[in-house]
Every structure is written in C-alpha cells, then in structure tokens.
Amino acid sequence: MNNLIETLKTTGNLTDSQLQTLLETNAYDAELRKAADAVRREHYGTDVYIRGLIEFTNYCKNDCLYCGIRRSNRCAERYRLTKEEILECCKEGYALGFRTFVLQGGEDPYFTDERLCDIVASIRKGYPDCAITLSVGEKPRESYQSYFDAGADRYLLRHETATPEHYSRLHPSELTFAQRRKCLFDLKEIGFQVGAGFMVGSPYQTTEHIIADLRFLQELKPDMIGIGPFLSHKDTPLRDYPNGELELVLRILGILRLMHPKVLLPATTALGTMHPQGRELGLQTGANVVMPNLSPQSVRKKYMLYDNKISTGEESAQSVRNLTEKVASAGFRVVTARGDAKTAAGRTAKPF
Ligand code: SAH
C-alpha cells in the first residue's frame with residue numbers, strides 16, 4: 001500500500017503538504033478507496049444507516065448565495081408542513097423501518113422555539129425509540145437548549161467552509177464563520193450529537209480551503225460529517241459557477257473516513273444527484289449513511305436547493321426496498337437501528 005495512504009490510515013493524520021498532494025492528484029484514489037472501505041468495515045461492518053429526511057419548510061430568512069431556497073429567490077414556491085403533516089411523515093417512516101427522523105428546513109421564523117419544541121416533544125412521545133435530528137440553522141444557545149430539552153438528540157449544521165474570507169464570499173455579510181463555529185460548539189456543549197460538513201467545489205474554493213475544513217473538523221470532532229458537491233441553482237447569484245467534481249467528493253470522503261474512523265458519513269442526496277451511482281460509490285469509499293426523503297410527494301420538488309435535485313426514485317422513502325437492493329448490490333446492508341455514532345469505547349453514544 002502506498003506510504004501516504006498507509007500513514008493516513010495508521011495515524012489518522014497527514015501534514016498540510018501531504019494532504020495537498022493527496023487532494024490534487026488521482027494517483028492515490030484506488031488505494032484510498034480500499035483503505036477507507038477497510039476502516040469503515042472494521043468499525044461498522046457492512047451496515048448502512050438510514051435517516052428519514054423531512055424537509056418541513058422552505059421559507060428562509062437567510063440569503064446564502066448558493067442556495068435555491070434563499071429569501072431573494074422569488075421563483076421558489078414556498079411551503080411549510082403542519083405539525084400533523086410532519087407527524088404523518090414520521091408515522092409512514094416508522095412503518096418503513098426508519099428509526100431516525102431528520103427535520104430540516106430553511107430558517108423560517110414561523111417555527112418559533114415554542115412551535116418547534118411542541119413538534120419535537122410530540123415526536124419524542126410518539127416514537128420513544130427513535131432519534132430526532134434537527135437541521136434548522138443558526139439559533140441562540142438557549143433555543144438549542146430548549147430543543148434538546150424537548151427531546152431532540154442530534155443537530156446537523158454544516159460549517160460550509162472554515163475559511164472566514166471564503167465564508168463571506170458565499171454568504172451575505174450578516175452571516176459569519178465565527179458565528180457558525182460558535183453555534184457548532186454550543187450544540188456540542190449542550191450534548192447534541194453534532195453533524196458538520198461542507199460543499200465540495202463551492203465557488204472560489206481552493207485546496208487550502210479544503211485543508212482548513214479538514215483541520216476544523218479535526219478540532220470539532222463531530223459525530224457526523226455531511227459533504228457533497230456544490231451544484232448550481234439557476235435562480236441564485238452563483239448560477240454560472242461549475243458544479244463540484246465526483247472524484248474530489250469521493251477522495252474527500254475517503255480522507256474523512258481515515259481521519260475519523262468512527263464518524264457517521266452520509267452518501268448525500270447531492271452526490272446521488274450528480275451521478276446515477278454517486279451514492280453507491282460514496283458507500284464504497286467509506287460512507288455509511290443514506291438519508292432518503294420522507295417529505296410528502298407534493299412538496300418534494302419545492303425543496304430545491306440546487307438544480308435537478310433528485311426527488312423521486314430510490315431517494316424517496318417509499319422506495320426504501322429498492323434502495324435496500326441497490327445498497328446490497330454495492331456490497332452493504334441497510335439496517336434500521338438508530339445508528340448512534342460510536343464512542344471511543346466502541347459503544348453507541350447513547351443507549352436506546
Ligand atoms: N437551513 C439549514 C439547512 C440548509 S440546507 C442550515 O442552515 O443548516 C442543507 C445543506 O444543503 C446546506 O448546509 C448546504 O451545505 C447544502 N446546499 C445548499 N445549497 C446547495 C447547493 N447549491 N449545492 C449543494 N449543496 C447545497
């Protein structure tokens with residue numbers, strides 16, 4: 001095995017210049033994939049965890065330059081699900097075998113802490129054996145605490161890019177990396193299992209930025225890392241920038257698996273959108289989570305973060321059997337356990 005990959009595999013780390021070499025050539029890709037696959041098998045076997053994604057609102061007060069549901073996008077047809085509709089998604093998901101529900105949305109002021117906590121508490125009561133994940137952006141620490149107290153276990157908040165200047169080129173001036181970072185550490189301190197991550201190939205991104213992202217993730221030590229390609233959206237200011245590259249996404253997935261052997265690593269919807277076998281390739285390069293869509297069919301096309309986001313077919317929960325078969329053909333097995341991140345002791349972070 002190549003020296004660079006062997007070093008990364010055995011020590012979980014490389015120098016910046018070694019990372020640069022690894023990121024900028026395809027020469028190591030085959031070895032990297034093999035090593036990442038071996039490490040994921042060591043800790044997770046062939047298990048692939050499924051999370052039911054409920055995209056419950058596409059209203060957003062933010063104006064992130066890459067995102068299709070940014071507030072300035074007048075073409076986006078807005079929707080929000082009622083509490084009853086969200087609970088219906090959970091019911092359907094539970095019957096399909098899902099034991100984690102991910103409530104993701106824009107930063108929608110309609111969903112006050114009170115409303116969100118009421119929804120979380122209802123899910124918690126109805127599904128005591130399930131994990132509840134929130135992904136609703138930046139909030140004051142007290143709000144995060146209230147969600148946790150209401151019964152949420154996990155929180156996904158991608159850091160997007162760990163380089164402040166790069167962050168400011170992708171976001172309006174009121175959003176800063178310093179604030180994003182604070183939110184992530186607040187969430188950790190409160191006791192959430194935390195997911196961070198970034199887009200690969202976002203406009204202006206350099207190798208240096210990616211190395212900064214890898215270093216930030218080493219510092220944060222999240223339970224989950226979500227990465228996927230940047231994919232342009234026609235009604236955003238970044239419409240003319242090229243999409244991220246499959247090869248680079250896979251390379252970074254492999255590096256992340258070797259740097260964080262026990263992390264939960266999703267093969268994301270964006271990866272599945274950019275290539276018909278994107279998710280399977282991700283699973284073969286260290287990923288071990290997929291997040292099918294549990295939102296009602298009628299709203300799926302409206303949660304359009306980027307052009308052509310897949311919204312029917314295997315990524316929909318109704319096709320979970322289909323997905324299970326696809327995952328099996330890639331050499332893995334869909335399991336329905338909660339799939340908490342494994343701790344250093346090798347046990348799950350929280351009992352059921
Ligand atoms: N409001 C929530 C959820 C945002 S959508 C939050 O702030 O966390 C979830 C993720 O989709 C974002 O974190 C971003 O990384 C990704 N995303 C948004 N627009 C995208 C695009 N054009 N291409 C690829 N990924 C995108």
# chains A, B, ... in the order shown; residues from 1 in each chain; ligands from 1
call {"tool": "residues_near_ligand", "arguments": {"ligand": "ligand 1", "cutoff": "6 Å", "atoms": "only C-alpha atoms and all ligand atoms", "output": "mmCIF file with C-alpha atoms, in the first residue's frame"}}
result
data_model
loop_
_atom_site.group_PDB
_atom_site.id
_atom_site.type_symbol
_atom_site.label_atom_id
_atom_site.label_comp_id
_atom_site.auth_asym_id
_atom_site.auth_seq_id
_atom_site.Cartn_x
_atom_site.Cartn_y
_atom_site.Cartn_z
ATOM 1 C CA TYR A 66 -25.535 29.212 -3.347
ATOM 2 C CA CYS A 67 -28.900 28.104 -2.046
ATOM 3 C CA GLN A 104 -34.600 20.017 8.012
ATOM 4 C CA GLY A 105 -35.693 23.399 6.799
ATOM 5 C CA GLY A 106 -34.854 26.942 5.964
ATOM 6 C CA GLU A 107 -34.574 29.407 8.821
ATOM 7 C CA SER A 135 -31.303 20.939 10.936
ATOM 8 C CA VAL A 136 -32.743 24.426 11.099
ATOM 9 C CA GLY A 137 -29.684 26.632 11.048
ATOM 10 C CA LEU A 157 -25.322 22.302 10.801
ATOM 11 C CA ARG A 158 -22.758 22.230 8.041
ATOM 12 C CA GLU A 160 -19.923 25.232 4.837
ATOM 13 C CA PHE A 198 -19.117 21.418 3.658
ATOM 14 C CA MET A 199 -19.740 21.610 -0.055
ATOM 15 C CA PRO A 229 -20.718 18.544 -4.344
ATOM 16 C CA PHE A 230 -21.722 22.156 -4.864
ATOM 17 C CA LEU A 231 -24.424 22.089 -7.519
ATOM 18 C CA SER A 232 -25.507 25.377 -9.032
ATOM 19 C CA HIS A 233 -29.063 26.653 -8.891
ATOM 20 C CA LEU A 305 -31.524 23.634 -3.001
ATOM 21 C CA TYR A 306 -29.824 23.134 -6.381
#
call {"tool": "closest_atom_pairs", "arguments": {"of": "stretch 158-232 of chain A", "to": "stretch 13-37 of chain A", "cutoff": "8 Å", "atoms": "only C-alpha atoms", "output": "CSV"}}
result
residue,atom,partner,partner_atom,distance
A:Thr207,CA,A:Gln20,CA,6.5
A:Glu208,CA,A:Gln20,CA,7.7
A:Ile211,CA,A:Asp16,CA,6.8
call {"tool": "select_by_dssp", "arguments": {"residues": "stretch 98-201 of chain A", "states": "alpha helix (DSSP H)", "output": "PyMOL selection string"}}
result
chain A and resi 113-126+141-150+164-170+177-190
call {"tool": "residues_around", "arguments": {"residues": "A:Thr269", "least_positions_apart": "3", "cutoff": "10 Å", "atoms": "only C-alpha atoms", "output": "PyMOL selection string"}}
result
chain A and resi 227-229+266+272-274+278-279+290-293+309-311+315
call {"tool": "select_by_dssp", "arguments": {"residues": "stretch 179-264 of chain A", "states": "strand (DSSP E or B)", "output": "NGL selection string"}}
result
:A and (193-200 or 224-229 or 264)
call {"tool": "write_last_selection", "arguments": {"atoms": "C-alpha atoms", "output": "short mmCIF file (atom, residue, chain, number, x, y, z; two decimals), in the first residue's frame"}}
result
data_model
loop_
_atom_site.label_atom_id
_atom_site.label_comp_id
_atom_site.auth_asym_id
_atom_site.auth_seq_id
_atom_site.Cartn_x
_atom_site.Cartn_y
_atom_site.Cartn_z
CA GLN A 193 -24.67 14.57 18.60
CA VAL A 194 -23.49 17.06 16.03
CA GLY A 195 -23.10 16.95 12.26
CA ALA A 196 -20.93 19.45 10.38
CA GLY A 197 -19.63 19.46 6.83
CA PHE A 198 -19.12 21.42 3.66
CA MET A 199 -19.74 21.61 -0.06
CA VAL A 200 -17.01 20.31 -2.34
CA MET A 224 -21.44 13.11 11.58
CA ILE A 225 -19.82 14.80 8.58
CA GLY A 226 -22.00 15.69 5.60
CA ILE A 227 -20.22 16.54 2.40
CA GLY A 228 -21.49 16.71 -1.14
CA PRO A 229 -20.72 18.54 -4.34
CA LEU A 264 -21.12 8.78 10.54
#
call {"tool": "closest_residue", "arguments": {"among": "A:Leu217, A:Ala287, A:Ala152, A:Val320", "to": "A:Gly191", "atoms": "only C-alpha atoms"}}
result
A:Ala152
call {"tool": "residues_around", "arguments": {"residues": "A:Phe177", "least_positions_apart": "6", "cutoff": "7 Å", "atoms": "only C-alpha atoms", "output": "PyMOL selection string"}}
result
chain A and resi 162+164+167
call {"tool": "write_last_selection", "arguments": {"atoms": "all heavy atoms", "output": "PDB file, in the first residue's frame"}}
result
ATOM      1  N   ALA A 162     -14.508  26.601   6.417  1.00  0.00           N
ATOM      2  CA  ALA A 162     -13.885  27.054   7.668  1.00  0.00           C
ATOM      3  C   ALA A 162     -12.941  28.232   7.465  1.00  0.00           C
ATOM      4  O   ALA A 162     -12.240  28.628   8.385  1.00  0.00           O
ATOM      5  CB  ALA A 162     -13.143  25.885   8.319  1.00  0.00           C
ATOM      6  N   PRO A 164     -12.771  32.089   6.955  1.00  0.00           N
ATOM      7  CA  PRO A 164     -13.687  33.230   7.088  1.00  0.00           C
ATOM      8  C   PRO A 164     -13.881  34.041   5.796  1.00  0.00           C
ATOM      9  O   PRO A 164     -15.016  34.399   5.470  1.00  0.00           O
ATOM     10  CB  PRO A 164     -13.055  34.073   8.202  1.00  0.00           C
ATOM     11  CG  PRO A 164     -12.324  33.068   9.033  1.00  0.00           C
ATOM     12  CD  PRO A 164     -11.808  32.041   8.073  1.00  0.00           C
ATOM     13  N   TYR A 167     -15.984  32.062   3.504  1.00  0.00           N
ATOM     14  CA  TYR A 167     -17.350  32.048   4.038  1.00  0.00           C
ATOM     15  C   TYR A 167     -18.087  33.320   3.623  1.00  0.00           C
ATOM     16  O   TYR A 167     -19.250  33.284   3.205  1.00  0.00           O
ATOM     17  CB  TYR A 167     -17.304  31.931   5.569  1.00  0.00           C
ATOM     18  CG  TYR A 167     -18.612  31.514   6.190  1.00  0.00           C
ATOM     19  CD1 TYR A 167     -18.879  30.172   6.468  1.00  0.00           C
ATOM     20  CD2 TYR A 167     -19.599  32.455   6.485  1.00  0.00           C
ATOM     21  CE1 TYR A 167     -20.087  29.780   7.026  1.00  0.00           C
ATOM     22  CE2 TYR A 167     -20.808  32.074   7.041  1.00  0.00           C
ATOM     23  CZ  TYR A 167     -21.043  30.737   7.310  1.00  0.00           C
ATOM     24  OH  TYR A 167     -22.251  30.341   7.859  1.00  0.00           O
TER      25      TYR A 167
END
call {"tool": "residues_around", "arguments": {"residues": "stretch 180-190 of chain A", "least_positions_apart": "3", "cutoff": "8 Å", "atoms": "only C-alpha atoms", "output": "short mmCIF file (atom, residue, chain, number, x, y, z; two decimals) with N, CA, C and O atoms, in the first residue's frame"}}
result
data_model
loop_
_atom_site.label_atom_id
_atom_site.label_comp_id
_atom_site.auth_asym_id
_atom_site.auth_seq_id
_atom_site.Cartn_x
_atom_site.Cartn_y
_atom_site.Cartn_z
N GLU A 138 -28.83 28.49 12.29
CA GLU A 138 -28.20 29.16 13.43
C GLU A 138 -29.24 29.73 14.38
O GLU A 138 -30.16 30.44 13.95
N LYS A 139 -29.09 29.41 15.65
CA LYS A 139 -30.03 29.87 16.69
C LYS A 139 -29.23 30.26 17.91
O LYS A 139 -28.10 29.80 18.10
N PRO A 140 -29.85 31.06 18.79
CA PRO A 140 -29.19 31.33 20.07
C PRO A 140 -29.05 30.04 20.88
O PRO A 140 -29.85 29.12 20.72
N ARG A 141 -28.04 30.02 21.74
CA ARG A 141 -27.79 28.83 22.53
C ARG A 141 -29.03 28.37 23.32
O ARG A 141 -29.31 27.17 23.43
N TYR A 144 -31.30 26.28 21.17
CA TYR A 144 -30.76 24.91 21.02
C TYR A 144 -31.05 24.10 22.29
O TYR A 144 -31.45 22.94 22.23
N GLN A 145 -30.83 24.75 23.44
CA GLN A 145 -31.06 24.05 24.71
C GLN A 145 -32.53 23.61 24.82
O GLN A 145 -32.83 22.50 25.25
N PHE A 148 -33.20 20.60 22.75
CA PHE A 148 -32.61 19.42 23.40
C PHE A 148 -33.51 18.94 24.54
O PHE A 148 -33.81 17.76 24.66
N TYR A 155 -28.12 17.28 15.87
CA TYR A 155 -28.30 18.53 15.12
C TYR A 155 -27.30 18.59 13.97
O TYR A 155 -26.10 18.37 14.18
N LEU A 157 -25.59 20.92 11.21
CA LEU A 157 -25.32 22.30 10.80
C LEU A 157 -23.98 22.29 10.08
O LEU A 157 -22.91 22.27 10.71
N HIS A 159 -20.70 23.44 8.45
CA HIS A 159 -19.96 24.68 8.67
C HIS A 159 -19.76 25.41 7.33
O HIS A 159 -19.41 26.57 7.32
N LEU A 175 -23.92 37.00 7.92
CA LEU A 175 -23.56 35.64 8.34
C LEU A 175 -22.04 35.50 8.34
O LEU A 175 -21.38 35.85 7.36
N THR A 176 -21.51 34.99 9.46
CA THR A 176 -20.05 34.86 9.56
C THR A 176 -19.65 33.45 9.97
O THR A 176 -20.43 32.74 10.62
N PHE A 177 -18.42 33.10 9.62
CA PHE A 177 -17.93 31.79 10.06
C PHE A 177 -17.81 31.75 11.58
O PHE A 177 -18.10 30.71 12.20
N GLN A 193 -25.58 15.18 19.57
CA GLN A 193 -24.67 14.57 18.60
C GLN A 193 -24.70 15.52 17.41
O GLN A 193 -25.78 15.85 16.92
N VAL A 194 -23.54 15.96 16.98
CA VAL A 194 -23.49 17.06 16.03
C VAL A 194 -22.97 16.62 14.66
O VAL A 194 -22.04 15.82 14.56
N ALA A 196 -21.43 18.28 11.10
CA ALA A 196 -20.93 19.45 10.38
C ALA A 196 -20.63 19.01 8.95
O ALA A 196 -20.99 17.89 8.56
N LEU A 220 -13.32 20.09 15.84
CA LEU A 220 -14.70 19.95 16.31
C LEU A 220 -15.04 18.52 16.72
O LEU A 220 -15.82 18.30 17.64
#
call {"tool": "decode", "arguments": {"residues": "stretch 286-305 of chain A", "atoms": "N, CA and C atoms", "output": "tab-separated table (two decimals), in the first residue's frame"}}
result
chain	number	residue	atom	x	y	z
A	286	GLY	N	-16.19	4.64	2.02
A	286	GLY	CA	-16.20	4.96	3.45
A	286	GLY	C	-17.50	5.48	4.00
A	287	ALA	N	-18.44	5.90	3.16
A	287	ALA	CA	-19.71	6.42	3.68
A	287	ALA	C	-20.55	5.27	4.24
A	288	ASN	N	-21.40	5.61	5.24
A	288	ASN	CA	-22.21	4.55	5.87
A	288	ASN	C	-23.61	5.00	6.27
A	289	VAL	N	-24.08	6.08	5.68
A	289	VAL	CA	-25.42	6.60	5.99
A	289	VAL	C	-26.07	7.06	4.70
A	290	VAL	N	-27.38	6.79	4.54
A	290	VAL	CA	-28.14	7.44	3.47
A	290	VAL	C	-29.40	8.05	4.08
A	291	MET	N	-29.83	9.14	3.48
A	291	MET	CA	-30.94	9.89	4.06
A	291	MET	C	-32.07	10.06	3.06
A	292	PRO	N	-32.89	9.03	2.89
A	292	PRO	CA	-33.99	9.15	1.93
A	292	PRO	C	-35.03	10.18	2.39
A	293	ASN	N	-35.76	10.68	1.43
A	293	ASN	CA	-36.72	11.74	1.66
A	293	ASN	C	-38.06	11.18	2.14
A	294	LEU	N	-38.51	11.70	3.28
A	294	LEU	CA	-39.82	11.28	3.82
A	294	LEU	C	-40.88	12.35	3.65
A	295	SER	N	-40.50	13.48	3.03
A	295	SER	CA	-41.46	14.57	2.87
A	295	SER	C	-42.59	14.12	1.94
A	296	PRO	N	-43.78	14.71	2.10
A	296	PRO	CA	-44.88	14.36	1.19
A	296	PRO	C	-44.47	14.64	-0.26
A	297	GLN	N	-44.88	13.76	-1.14
A	297	GLN	CA	-44.54	13.89	-2.56
A	297	GLN	C	-44.85	15.28	-3.11
A	298	SER	N	-45.95	15.87	-2.63
A	298	SER	CA	-46.41	17.16	-3.18
A	298	SER	C	-45.45	18.32	-2.94
A	299	VAL	N	-44.56	18.21	-1.94
A	299	VAL	CA	-43.66	19.34	-1.66
A	299	VAL	C	-42.21	19.08	-2.07
A	300	ARG	N	-41.93	17.83	-2.45
A	300	ARG	CA	-40.52	17.46	-2.69
A	300	ARG	C	-39.81	18.33	-3.69
A	301	LYS	N	-40.52	18.66	-4.77
A	301	LYS	CA	-39.88	19.46	-5.81
A	301	LYS	C	-39.65	20.90	-5.38
A	302	LYS	N	-40.28	21.29	-4.29
A	302	LYS	CA	-40.15	22.68	-3.85
A	302	LYS	C	-38.95	22.91	-2.94
A	303	TYR	N	-38.40	21.83	-2.39
A	303	TYR	CA	-37.20	21.99	-1.55
A	303	TYR	C	-36.00	21.84	-2.48
A	304	MET	N	-35.89	22.79	-3.39
A	304	MET	CA	-34.90	22.69	-4.47
A	304	MET	C	-33.67	23.52	-4.11
A	305	LEU	N	-32.72	22.91	-3.43
A	305	LEU	CA	-31.52	23.63	-3.00
A	305	LEU	C	-30.62	23.93	-4.19
